[in-house]
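So the structure is just underneath, and the comments pick up after that.
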Number of protein chains: 2
Amino acid sequence: MSFVGDPLALAAALRAGDRVALGRALTLIESTRADHRLAAEALLAACLPYSGRAKRIAITGTPGVGKSTFIDAFGMYLIREQGLRVAVLAIDPSSRLSRGSILGDKTRMAELSVNEMAFIRPSPAGESLGGVALRTRECLHVCEAAGFDIILVETVGVGQSEVAAQEMTDFFLLLLQPGAGDELQGIKRGIVELADGVAVNKADGDKANLAKQAAAAYSASIHLLQGREDNWSAKVQTCSALTGAGLPEIWSQVQRFAEQMEANGWWTKRRELQTAYWLDRLLREAVWQQFLSSPAMQEKATDIRQQVLSGQISVSEGVRLLTNS
Amino acid sequence: MSFVGDPLALAAALRAGDRVALGRALTLIESTRADHRLAAEALLAACLPYSGRAKRIAITGTPGVGKSTFIDAFGMYLIREQGLRVAVLAIDPSSRLSRGSILGDKTRMAELSVNEMAFIRPSPAGESLGGVALRTRECLHVCEAAGFDIILVETVGVGQSEVAAQEMTDFFLLLLQPGAGDELQGIKRGIVELADGVAVNKADGDKANLAKQAAAAYSASIHLLQGREDNWSAKVQTCSALTGAGLPEIWSQVQRFAEQMEANGWWTKRRELQTAYWLDRLLREAVWQQFLSSPAMQEKATDIRQQVLSGQISVSEGVRLLTNS
């Protein structure tokens, strides 16, 4: 990769609006090659002073809820009606196995993918969720330096990637659909608790009434989740990615949230807590990997591990023997 | 503590059936004082060769399900009808704050607490769930060395302590009650997935029919959770801690489970995987604590952390600076 040699030039180019440079920068950030890491850090360092001004919105929902169509429609609304530039990133640790499971096919977002005010980036491949998510977070900073006003972070709605998404965004939007029957449609309770807003999609045609009923029902459950530290009360709204109905109201919620959080100090505080979270999480992982690869550890690990597993020594003793180096 | 000086004598005494020695041994195991740890390890080392022969059963359920009454009745059934010695341990990381929230009051288990074939130990206090749970696991080994045939590990049914309980027991029993209305009564999906058996308690009087209906309904949901690696299919049963109905059937399930797992090799395999789990988990924590307390780290940590939190440097760079010592 020729740009590895000059990450600062790359940063300058992407800040000037060069989309090819932006794509290359994200590829560098996502690279797992050890010799790319320092260049990636330099690139990031050059971008950091220009990041932080976008609104970061996580969007999640189970497959079938119409997430791609929603992002396409919501993104186009933000571009056309609000004059904003929109970047779409994804966290999907499974994409390594099932390539293209999310965002792999840009035609999923037919309008957004060909609009020059938008930028869509598929999920990076990676070893672990922590690693993938960290890269997504760094890509987010780079997109902000490239001048995007809105960063949409998409997740698949079925696992731990939602926590990661919530830990890098300002507003967490949960998408549901009408008539799926059971309470909150198999969305894990923990994920519902992350929501700053809920939207029942597909509120169009003969499903419009069903969507309203569903919204009312969900509203009652969501109500239980109030009493947040930041004093925000998540609302359940309806929308249609097909007709565009409800999209302005969702954007209004995001804006109202931003105003309220900026006023009470939680906008900044949430971002600081997020940075602290990533520092702690990634530092723990790095320390652990460093420990595992130390020669002293590798020499005795197999032996002590075997003694613990066979019941000759206790876990406590094994831990002490392995850490008293 | 006078026994700290002679953990081997303590181990000999508890193996000979001295209940006072057993109590002291568990106190030593639970001690967080650094100068007690080596003595605790020696005690554990003396117990390990005599542990492993008991059946370990986790029992969980939300407050109100009648857990204490169930354990009292089930424990007495095992003692009276099966001639087994029963120890009851608990994992409740909240007990440090709300002392006595679980098992603090031995009168909760009126019969068991005064029976000489039984031994009840309240939850240890502790800094972290991992720490508390590790101690509970070590207490389990000591109780086995003291000759108990059955170890019941009680948890409160609302959080991470269930995973810890499942990681130290052979059979995970989930208690439910009839007529609580909503699907699986707010038990987190992840906890249901841990269950090797489910029992709908309070199947007595005018609730008997309700309990049967509930069991049938739950059975349908549980059915979805099949296809386990060990080929076990969890059953939903009904029982009454009040009348004793269903208790023999629950015990039969545990025995059938044990026979099947012993036959297909999973009894031993599950225990080995559990030991590996605790070794990994506790080793990670120890390595992290060691890292945090290193002088090099303490010297630069505050400064680098501040640079990361203020956005001067990226998380990646912060991690590298802190781990390149």
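Numbering starts fresh at 1 for the residues of each chain in the structure tokens, the chains themselves are lettered A, B, ... in the order given, and ligands are numbered from 1 as they appear.
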Specify as a ChimeraX atom specification all residues of chain A found within 6 Å of chain B, counting only C-alpha atoms. /A:279,283,315,319
Find the residues around stretch 9-26 of chain B up to 10 Å (only C-alpha atoms counted), leave out those fewer than 4 positions away in its own chain, and share them as number ranges by chain. B: 1-5, 30-31, 39-40, 42-47, 50, 116, 119-121, 124, 135-136, 138-140, 142-148
Export N, CA and C atoms of the chosen residues as a compact mmCIF listing (two decimals), in the first residue's frame?
# COMPACT_ATOMS: atom_id res chain seq x y z
N MET B 1 -6.47 -15.34 63.06
CA MET B 1 -7.06 -16.68 62.91
C MET B 1 -5.98 -17.73 63.21
N SER B 2 -6.19 -18.48 64.25
CA SER B 2 -5.15 -19.39 64.71
C SER B 2 -4.91 -20.53 63.71
N PHE B 3 -5.94 -20.88 62.92
CA PHE B 3 -5.78 -22.02 62.03
C PHE B 3 -4.97 -21.71 60.78
N VAL B 4 -4.69 -20.42 60.57
CA VAL B 4 -3.92 -20.05 59.39
C VAL B 4 -2.57 -20.76 59.41
N GLY B 5 -2.02 -20.93 60.63
CA GLY B 5 -0.71 -21.55 60.76
C GLY B 5 -0.69 -23.01 60.38
N GLU B 30 -12.44 -17.87 52.07
CA GLU B 30 -13.10 -16.63 51.68
C GLU B 30 -12.32 -15.37 52.05
N SER B 31 -11.31 -15.53 52.86
CA SER B 31 -10.57 -14.35 53.32
C SER B 31 -9.89 -13.64 52.15
N ALA B 39 -2.06 -19.85 52.90
CA ALA B 39 -2.64 -20.87 53.77
C ALA B 39 -3.90 -21.46 53.12
N ALA B 40 -4.70 -20.59 52.51
CA ALA B 40 -5.91 -21.06 51.84
C ALA B 40 -5.56 -22.02 50.70
N ALA B 42 -2.89 -23.90 50.50
CA ALA B 42 -2.42 -25.17 51.08
C ALA B 42 -3.61 -26.01 51.52
N LEU B 43 -4.58 -25.35 52.13
CA LEU B 43 -5.79 -26.05 52.56
C LEU B 43 -6.50 -26.67 51.36
N LEU B 44 -6.62 -25.88 50.32
CA LEU B 44 -7.30 -26.34 49.11
C LEU B 44 -6.54 -27.51 48.48
N ALA B 45 -5.22 -27.38 48.46
CA ALA B 45 -4.40 -28.45 47.89
C ALA B 45 -4.61 -29.76 48.66
N ALA B 46 -4.80 -29.63 49.99
CA ALA B 46 -5.02 -30.82 50.81
C ALA B 46 -6.41 -31.41 50.58
N CYS B 47 -7.33 -30.57 50.14
CA CYS B 47 -8.72 -31.03 49.92
C CYS B 47 -8.95 -31.58 48.51
N TYR B 50 -9.57 -35.17 47.47
CA TYR B 50 -10.77 -35.81 48.01
C TYR B 50 -12.04 -35.14 47.49
N GLU B 116 -28.08 -32.40 60.85
CA GLU B 116 -26.63 -32.63 60.88
C GLU B 116 -26.10 -33.25 59.58
N PHE B 119 -25.28 -28.78 55.56
CA PHE B 119 -24.40 -27.68 55.92
C PHE B 119 -24.76 -26.50 55.04
N ILE B 120 -25.08 -25.37 55.65
CA ILE B 120 -25.48 -24.20 54.87
C ILE B 120 -24.46 -23.09 55.07
N ARG B 121 -24.00 -22.55 53.97
CA ARG B 121 -22.99 -21.49 54.03
C ARG B 121 -23.50 -20.26 53.30
N PRO B 124 -20.22 -15.48 50.36
CA PRO B 124 -19.10 -14.67 50.83
C PRO B 124 -19.23 -13.23 50.33
N ARG B 135 -14.35 -18.04 45.00
CA ARG B 135 -14.36 -18.53 46.38
C ARG B 135 -15.44 -19.57 46.58
N THR B 136 -16.62 -19.33 46.00
CA THR B 136 -17.71 -20.31 46.13
C THR B 136 -17.27 -21.65 45.53
N GLU B 138 -14.23 -22.78 45.29
CA GLU B 138 -13.25 -23.41 46.18
C GLU B 138 -13.94 -24.00 47.42
N CYS B 139 -14.96 -23.28 47.93
CA CYS B 139 -15.72 -23.81 49.07
C CYS B 139 -16.40 -25.12 48.69
N LEU B 140 -16.85 -25.20 47.44
CA LEU B 140 -17.48 -26.41 46.93
C LEU B 140 -16.50 -27.59 47.02
N VAL B 142 -13.98 -27.86 49.06
CA VAL B 142 -13.74 -28.17 50.48
C VAL B 142 -14.92 -28.98 51.04
N CYS B 143 -16.14 -28.60 50.69
CA CYS B 143 -17.32 -29.35 51.15
C CYS B 143 -17.29 -30.78 50.62
N GLU B 144 -16.82 -30.95 49.40
CA GLU B 144 -16.72 -32.30 48.85
C GLU B 144 -15.70 -33.12 49.64
N ALA B 145 -14.59 -32.47 49.99
CA ALA B 145 -13.58 -33.18 50.79
C ALA B 145 -14.15 -33.53 52.16
N ALA B 146 -15.09 -32.72 52.64
CA ALA B 146 -15.72 -32.98 53.95
C ALA B 146 -16.78 -34.06 53.84
N GLY B 147 -16.97 -34.62 52.65
CA GLY B 147 -17.84 -35.77 52.49
C GLY B 147 -19.27 -35.49 52.07
N PHE B 148 -19.57 -34.28 51.66
CA PHE B 148 -20.94 -34.01 51.20
C PHE B 148 -21.15 -34.62 49.82
May I have all residues of stretch 166-264 of chain B that DSSP, computed from the backbone, assigns to alpha helix (DSSP H), given as a ChimeraX atom specification? /B:166,189-192,208-223,247-264
Any idea what's packed within 9 Å of B:Asp149, counting only C-alpha atoms, ignoring anything in its chain fewer than 3 positions away? Could you give it as a VMD selection string? chain B and resid 53 to 56 84 to 87 143 to 144
Mind doing a quick least-squares superposition of chain A onto chain B, all C-alpha atoms paired one-to-one in order, and writing it out as a short mmCIF file (atom, residue, chain, number, x, y, z; two decimals) with C-alpha atoms, in the first residue's frame?
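Full text of selection-v3.cif as output:
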data_model
loop_
_atom_site.label_atom_id
_atom_site.label_comp_id
_atom_site.auth_asym_id
_atom_site.auth_seq_id
_atom_site.Cartn_x
_atom_site.Cartn_y
_atom_site.Cartn_z
CA MET A 1 -7.07 -16.75 62.99
CA SER A 2 -5.19 -19.48 64.76
CA PHE A 3 -5.81 -22.08 62.06
CA VAL A 4 -3.94 -20.08 59.44
CA GLY A 5 -0.76 -21.57 60.81
CA ASP A 6 -1.85 -25.15 60.20
CA PRO A 7 -4.11 -25.54 57.18
CA LEU A 8 -3.25 -29.23 56.87
CA ALA A 9 -4.54 -29.96 60.37
CA LEU A 10 -7.67 -28.05 59.45
CA ALA A 11 -8.10 -30.17 56.32
CA ALA A 12 -7.65 -33.36 58.33
CA ALA A 13 -10.24 -32.24 60.88
CA LEU A 14 -12.88 -31.31 58.33
CA ARG A 15 -12.31 -34.58 56.48
CA ALA A 16 -12.95 -36.36 59.80
CA GLY A 17 -16.35 -34.66 59.99
CA ASP A 18 -15.56 -31.74 62.29
CA ARG A 19 -18.15 -29.11 61.38
CA VAL A 20 -16.41 -26.33 63.27
CA ALA A 21 -13.26 -27.05 61.27
CA LEU A 22 -15.29 -26.96 58.05
CA GLY A 23 -16.70 -23.56 58.96
CA ARG A 24 -13.24 -22.25 59.74
CA ALA A 25 -11.85 -23.67 56.52
CA LEU A 26 -14.49 -21.87 54.47
CA THR A 27 -13.77 -18.64 56.33
CA LEU A 28 -10.09 -19.03 55.45
CA ILE A 29 -10.94 -19.71 51.78
CA GLU A 30 -13.14 -16.61 51.70
CA SER A 31 -10.60 -14.34 53.37
CA THR A 32 -9.37 -11.56 51.13
CA ARG A 33 -6.34 -10.86 53.33
CA ALA A 34 -3.18 -11.36 51.31
CA ASP A 35 -1.44 -13.18 54.18
CA HIS A 36 -4.25 -15.74 54.27
CA ARG A 37 -4.01 -16.65 50.62
CA LEU A 38 -1.09 -19.05 50.89
CA ALA A 39 -2.67 -20.85 53.82
CA ALA A 40 -5.93 -21.05 51.88
CA GLU A 41 -4.07 -22.52 48.91
CA ALA A 42 -2.43 -25.14 51.10
CA LEU A 43 -5.80 -26.04 52.57
CA LEU A 44 -7.31 -26.32 49.13
CA ALA A 45 -4.40 -28.42 47.91
CA ALA A 46 -5.01 -30.80 50.81
CA CYS A 47 -8.72 -31.01 49.91
CA LEU A 48 -8.49 -31.32 46.12
CA PRO A 49 -7.56 -35.02 46.04
CA TYR A 50 -10.75 -35.78 47.99
CA SER A 51 -13.08 -33.56 45.98
CA GLY A 52 -14.94 -34.21 42.75
CA ARG A 53 -17.22 -37.05 43.82
CA ALA A 54 -20.31 -34.99 44.69
CA LYS A 55 -23.08 -34.02 42.31
CA ARG A 56 -23.11 -30.24 41.95
CA ILE A 57 -26.49 -28.67 41.29
CA ALA A 58 -27.11 -24.99 40.60
CA ILE A 59 -30.54 -23.72 41.64
CA THR A 60 -31.81 -20.39 40.41
CA GLY A 61 -35.05 -18.47 40.09
CA THR A 62 -36.33 -14.95 40.58
CA PRO A 63 -37.35 -13.74 44.05
CA GLY A 64 -40.79 -15.03 44.97
CA VAL A 65 -40.45 -18.34 43.20
CA GLY A 66 -39.95 -20.09 46.53
CA LYS A 67 -36.28 -20.91 46.17
CA SER A 68 -35.42 -21.22 49.87
CA THR A 69 -38.43 -23.40 50.56
CA PHE A 70 -37.58 -25.53 47.55
CA ILE A 71 -33.98 -26.00 48.65
CA ASP A 72 -35.15 -26.83 52.16
CA ALA A 73 -37.61 -29.44 50.86
CA PHE A 74 -35.36 -30.85 48.13
CA GLY A 75 -32.41 -31.04 50.51
CA MET A 76 -34.49 -32.85 53.12
CA TYR A 77 -35.77 -35.27 50.45
CA LEU A 78 -32.18 -36.09 49.48
CA ILE A 79 -31.23 -36.63 53.12
CA ARG A 80 -34.27 -38.63 54.21
CA GLU A 81 -35.10 -40.63 51.10
CA GLN A 82 -31.71 -40.95 49.49
CA GLY A 83 -29.44 -40.93 52.53
CA LEU A 84 -27.25 -38.22 51.03
CA ARG A 85 -25.35 -35.42 52.77
CA VAL A 86 -26.20 -31.98 51.39
CA ALA A 87 -24.21 -28.73 51.42
CA VAL A 88 -25.77 -25.44 50.33
CA LEU A 89 -23.61 -22.60 49.01
CA ALA A 90 -24.64 -19.30 47.47
CA ILE A 91 -23.33 -16.85 44.93
CA ASP A 92 -24.63 -13.38 45.53
CA PRO A 93 -22.22 -10.55 44.81
CA SER A 94 -24.78 -8.08 46.14
CA SER A 95 -24.56 -9.55 49.63
CA ARG A 96 -21.74 -7.19 50.42
CA LEU A 97 -24.13 -4.27 50.24
CA SER A 98 -27.38 -5.86 51.36
CA ARG A 99 -26.02 -8.31 53.90
CA GLY A 100 -28.35 -11.19 54.46
CA SER A 101 -30.18 -10.79 51.19
CA ILE A 102 -29.55 -14.43 50.48
CA LEU A 103 -28.99 -17.20 52.96
CA GLY A 104 -28.00 -14.68 55.58
CA ASP A 105 -30.92 -15.88 57.63
CA LYS A 106 -30.55 -19.60 58.12
CA THR A 107 -34.14 -19.84 59.26
CA ARG A 108 -35.06 -19.45 55.60
CA MET A 109 -34.28 -23.15 55.42
CA ALA A 110 -35.86 -24.24 58.65
CA GLU A 111 -35.39 -28.00 58.44
CA LEU A 112 -32.11 -28.15 56.58
CA SER A 113 -30.39 -25.67 58.87
CA VAL A 114 -30.80 -27.90 61.93
CA ASN A 115 -30.07 -31.23 60.25
CA GLU A 116 -26.64 -32.71 60.85
CA MET A 117 -26.57 -34.24 57.37
CA ALA A 118 -26.74 -30.72 55.95
CA PHE A 119 -24.41 -27.73 55.92
CA ILE A 120 -25.51 -24.25 54.88
CA ARG A 121 -23.02 -21.53 54.07
CA PRO A 122 -24.07 -17.93 53.35
CA SER A 123 -22.63 -16.10 50.37
CA PRO A 124 -19.15 -14.69 50.88
CA ALA A 125 -18.64 -10.96 50.60
CA GLY A 126 -16.34 -9.85 47.84
CA GLU A 127 -15.13 -7.13 45.57
CA SER A 128 -16.20 -8.60 42.26
CA LEU A 129 -18.45 -11.35 41.00
CA GLY A 130 -15.43 -13.23 39.68
CA GLY A 131 -13.81 -13.14 43.07
CA VAL A 132 -16.95 -14.13 44.98
CA ALA A 133 -17.69 -16.94 42.55
CA LEU A 134 -14.15 -18.28 42.65
CA ARG A 135 -14.38 -18.50 46.42
CA THR A 136 -17.72 -20.30 46.17
CA ARG A 137 -16.14 -22.77 43.78
CA GLU A 138 -13.28 -23.37 46.20
CA CYS A 139 -15.74 -23.80 49.09
CA LEU A 140 -17.49 -26.39 46.95
CA HIS A 141 -14.26 -28.40 46.71
CA VAL A 142 -13.76 -28.16 50.47
CA CYS A 143 -17.33 -29.35 51.14
CA GLU A 144 -16.72 -32.29 48.83
CA ALA A 145 -13.59 -33.18 50.78
CA ALA A 146 -15.72 -32.99 53.93
CA GLY A 147 -17.84 -35.78 52.48
CA PHE A 148 -20.95 -34.04 51.19
CA ASP A 149 -22.61 -35.94 48.34
CA ILE A 150 -24.65 -33.10 46.94
CA ILE A 151 -23.64 -29.46 46.62
CA LEU A 152 -26.49 -27.07 45.94
CA VAL A 153 -25.31 -23.71 44.60
CA GLU A 154 -27.99 -21.05 44.94
CA THR A 155 -28.13 -17.82 42.90
CA VAL A 156 -30.62 -14.99 42.76
CA GLY A 157 -31.69 -15.47 39.15
CA VAL A 158 -31.32 -11.96 37.89
CA GLY A 159 -27.84 -11.55 36.54
CA GLN A 160 -24.35 -12.70 35.81
CA SER A 161 -24.05 -14.92 38.86
CA GLU A 162 -26.00 -17.62 36.98
CA VAL A 163 -23.24 -17.94 34.43
CA ALA A 164 -20.76 -18.33 37.26
CA ALA A 165 -22.99 -20.95 38.90
CA GLN A 166 -23.36 -22.86 35.65
CA GLU A 167 -19.59 -22.80 35.29
CA MET A 168 -19.11 -24.69 38.56
CA THR A 169 -21.98 -27.19 38.60
CA ASP A 170 -22.98 -30.37 36.80
CA PHE A 171 -26.70 -29.63 36.58
CA PHE A 172 -28.40 -26.25 36.31
CA LEU A 173 -31.98 -26.19 37.63
CA LEU A 174 -34.20 -23.21 36.84
CA LEU A 175 -37.19 -22.67 39.14
CA LEU A 176 -40.33 -20.97 37.86
CA GLN A 177 -43.79 -20.46 39.31
CA PRO A 178 -47.24 -20.79 37.77
CA GLY A 179 -49.33 -17.85 36.68
CA ALA A 180 -46.68 -15.20 36.74
CA GLY A 181 -48.03 -14.34 33.32
CA ASP A 182 -45.37 -13.23 30.93
CA GLU A 183 -43.16 -15.53 28.99
CA LEU A 184 -40.52 -17.02 31.28
CA GLN A 185 -41.15 -14.41 33.96
CA GLY A 186 -38.45 -11.96 33.18
CA ILE A 187 -35.78 -14.61 33.35
CA LYS A 188 -33.20 -13.53 30.84
CA ARG A 189 -33.07 -15.65 27.74
CA GLY A 190 -29.41 -16.35 28.31
CA ILE A 191 -30.22 -17.91 31.67
CA VAL A 192 -32.90 -20.18 30.24
CA GLU A 193 -30.31 -21.42 27.76
CA LEU A 194 -28.15 -22.56 30.68
CA ALA A 195 -30.85 -24.80 32.14
CA ASP A 196 -30.38 -28.56 32.26
CA GLY A 197 -33.79 -28.79 33.92
CA VAL A 198 -36.75 -26.53 34.69
CA ALA A 199 -39.21 -26.96 37.56
CA VAL A 200 -42.46 -25.06 38.01
CA ASN A 201 -42.77 -24.77 41.76
CA LYS A 202 -45.95 -24.21 43.85
CA ALA A 203 -47.81 -27.01 42.05
CA ASP A 204 -50.15 -27.49 45.00
CA GLY A 205 -53.74 -26.66 46.03
CA ASP A 206 -55.60 -24.55 43.53
CA LYS A 207 -52.38 -23.73 41.72
CA ALA A 208 -51.74 -27.34 40.71
CA ASN A 209 -53.51 -27.05 37.37
CA LEU A 210 -52.04 -23.65 36.66
CA ALA A 211 -48.58 -25.13 37.25
CA LYS A 212 -49.25 -27.93 34.78
CA GLN A 213 -50.39 -25.45 32.14
CA ALA A 214 -47.37 -23.27 32.77
CA ALA A 215 -45.08 -26.29 32.49
CA ALA A 216 -46.64 -27.20 29.14
CA ALA A 217 -46.23 -23.64 27.88
CA TYR A 218 -42.64 -23.37 29.06
CA SER A 219 -41.92 -26.76 27.62
CA ALA A 220 -42.72 -25.39 24.17
CA SER A 221 -40.22 -22.52 24.57
CA ILE A 222 -37.56 -24.74 26.08
CA HIS A 223 -37.97 -27.08 23.16
CA LEU A 224 -36.41 -24.41 20.97
CA LEU A 225 -33.23 -24.67 22.98
CA GLN A 226 -32.45 -28.21 21.99
CA GLY A 227 -29.65 -29.43 19.78
CA ARG A 228 -27.07 -29.32 22.55
CA GLU A 229 -23.60 -30.67 22.05
CA ASP A 230 -24.07 -33.14 24.90
CA ASN A 231 -27.38 -34.36 23.41
CA TRP A 232 -29.32 -33.61 26.58
CA SER A 233 -32.91 -32.37 26.27
CA ALA A 234 -33.94 -30.23 29.22
CA LYS A 235 -37.36 -31.17 30.62
CA VAL A 236 -39.91 -28.94 32.33
CA GLN A 237 -41.39 -30.55 35.44
CA THR A 238 -43.74 -29.43 38.20
CA CYS A 239 -43.14 -29.66 41.91
CA SER A 240 -44.30 -28.41 45.28
CA ALA A 241 -41.86 -27.54 48.00
CA LEU A 242 -44.91 -27.53 50.29
CA THR A 243 -46.21 -31.06 49.66
CA GLY A 244 -43.02 -32.58 48.32
CA ALA A 245 -44.74 -33.58 45.08
CA GLY A 246 -42.38 -33.77 42.12
CA LEU A 247 -39.17 -33.73 44.16
CA PRO A 248 -38.40 -37.44 43.49
CA GLU A 249 -38.93 -36.81 39.76
CA ILE A 250 -36.50 -33.90 39.78
CA TRP A 251 -33.91 -36.04 41.49
CA SER A 252 -34.54 -38.76 38.89
CA GLN A 253 -33.84 -36.24 36.14
CA VAL A 254 -30.55 -35.29 37.78
CA GLN A 255 -29.61 -38.96 38.04
CA ARG A 256 -30.64 -39.70 34.45
CA PHE A 257 -28.58 -36.68 33.36
CA ALA A 258 -25.56 -37.92 35.31
CA GLU A 259 -25.82 -41.41 33.83
CA GLN A 260 -26.21 -40.12 30.29
CA MET A 261 -23.33 -37.64 30.62
CA GLU A 262 -21.07 -40.21 32.22
CA ALA A 263 -21.85 -42.56 29.35
CA ASN A 264 -21.14 -40.03 26.61
CA GLY A 265 -18.12 -38.50 28.32
CA TRP A 266 -19.65 -35.06 28.95
CA TRP A 267 -19.63 -35.31 32.74
CA THR A 268 -15.84 -35.17 32.82
CA LYS A 269 -15.57 -32.91 29.80
CA ARG A 270 -17.90 -30.30 31.29
CA ARG A 271 -15.85 -30.22 34.48
CA GLU A 272 -12.61 -29.84 32.54
CA LEU A 273 -14.09 -27.01 30.49
CA GLN A 274 -15.20 -25.36 33.73
CA THR A 275 -11.72 -25.52 35.21
CA ALA A 276 -10.28 -24.06 32.00
CA TYR A 277 -12.89 -21.29 32.16
CA TRP A 278 -11.93 -20.31 35.72
CA LEU A 279 -8.23 -20.50 35.02
CA ASP A 280 -8.62 -18.18 32.02
CA ARG A 281 -10.97 -15.78 33.78
CA LEU A 282 -8.98 -15.46 36.98
CA LEU A 283 -5.65 -15.36 35.19
CA ARG A 284 -6.86 -12.46 33.03
CA GLU A 285 -7.96 -10.59 36.11
CA ALA A 286 -4.67 -11.26 37.93
CA VAL A 287 -2.61 -10.17 34.92
CA TRP A 288 -4.65 -6.98 34.67
CA GLN A 289 -4.26 -6.17 38.37
CA GLN A 290 -0.54 -6.86 38.15
CA PHE A 291 -0.27 -4.52 35.18
CA LEU A 292 -2.22 -1.77 36.95
CA SER A 293 -0.02 -1.95 40.03
CA SER A 294 3.31 -1.91 38.21
CA PRO A 295 5.34 1.23 38.98
CA ALA A 296 6.05 1.92 35.29
CA MET A 297 2.33 1.88 34.56
CA GLN A 298 1.36 4.03 37.52
CA GLU A 299 3.96 6.61 36.55
CA LYS A 300 2.64 7.29 33.07
CA ALA A 301 -0.95 6.06 33.27
CA THR A 302 -2.59 9.27 34.44
CA ASP A 303 -0.82 11.37 31.84
CA ILE A 304 -1.52 9.09 28.87
CA ARG A 305 -5.07 8.48 29.95
CA GLN A 306 -5.62 12.22 30.06
CA GLN A 307 -4.20 12.59 26.56
CA VAL A 308 -6.55 9.91 25.26
CA LEU A 309 -9.61 11.31 27.02
CA SER A 310 -8.94 14.82 25.75
CA GLY A 311 -8.59 13.55 22.20
CA GLN A 312 -4.92 14.48 21.83
CA ILE A 313 -3.98 10.90 21.00
CA SER A 314 -6.06 7.96 19.84
CA VAL A 315 -7.05 4.96 21.94
CA SER A 316 -4.74 2.80 19.82
CA GLU A 317 -1.80 5.05 20.47
CA GLY A 318 -2.61 5.22 24.18
CA VAL A 319 -2.74 1.45 24.40
CA ARG A 320 0.59 1.15 22.60
CA LEU A 321 2.28 3.75 24.82
CA LEU A 322 0.99 2.06 27.96
CA THR A 323 1.98 -1.47 26.95
CA ASN A 324 5.39 -0.67 25.41
CA SER A 325 7.11 -0.57 28.74
#
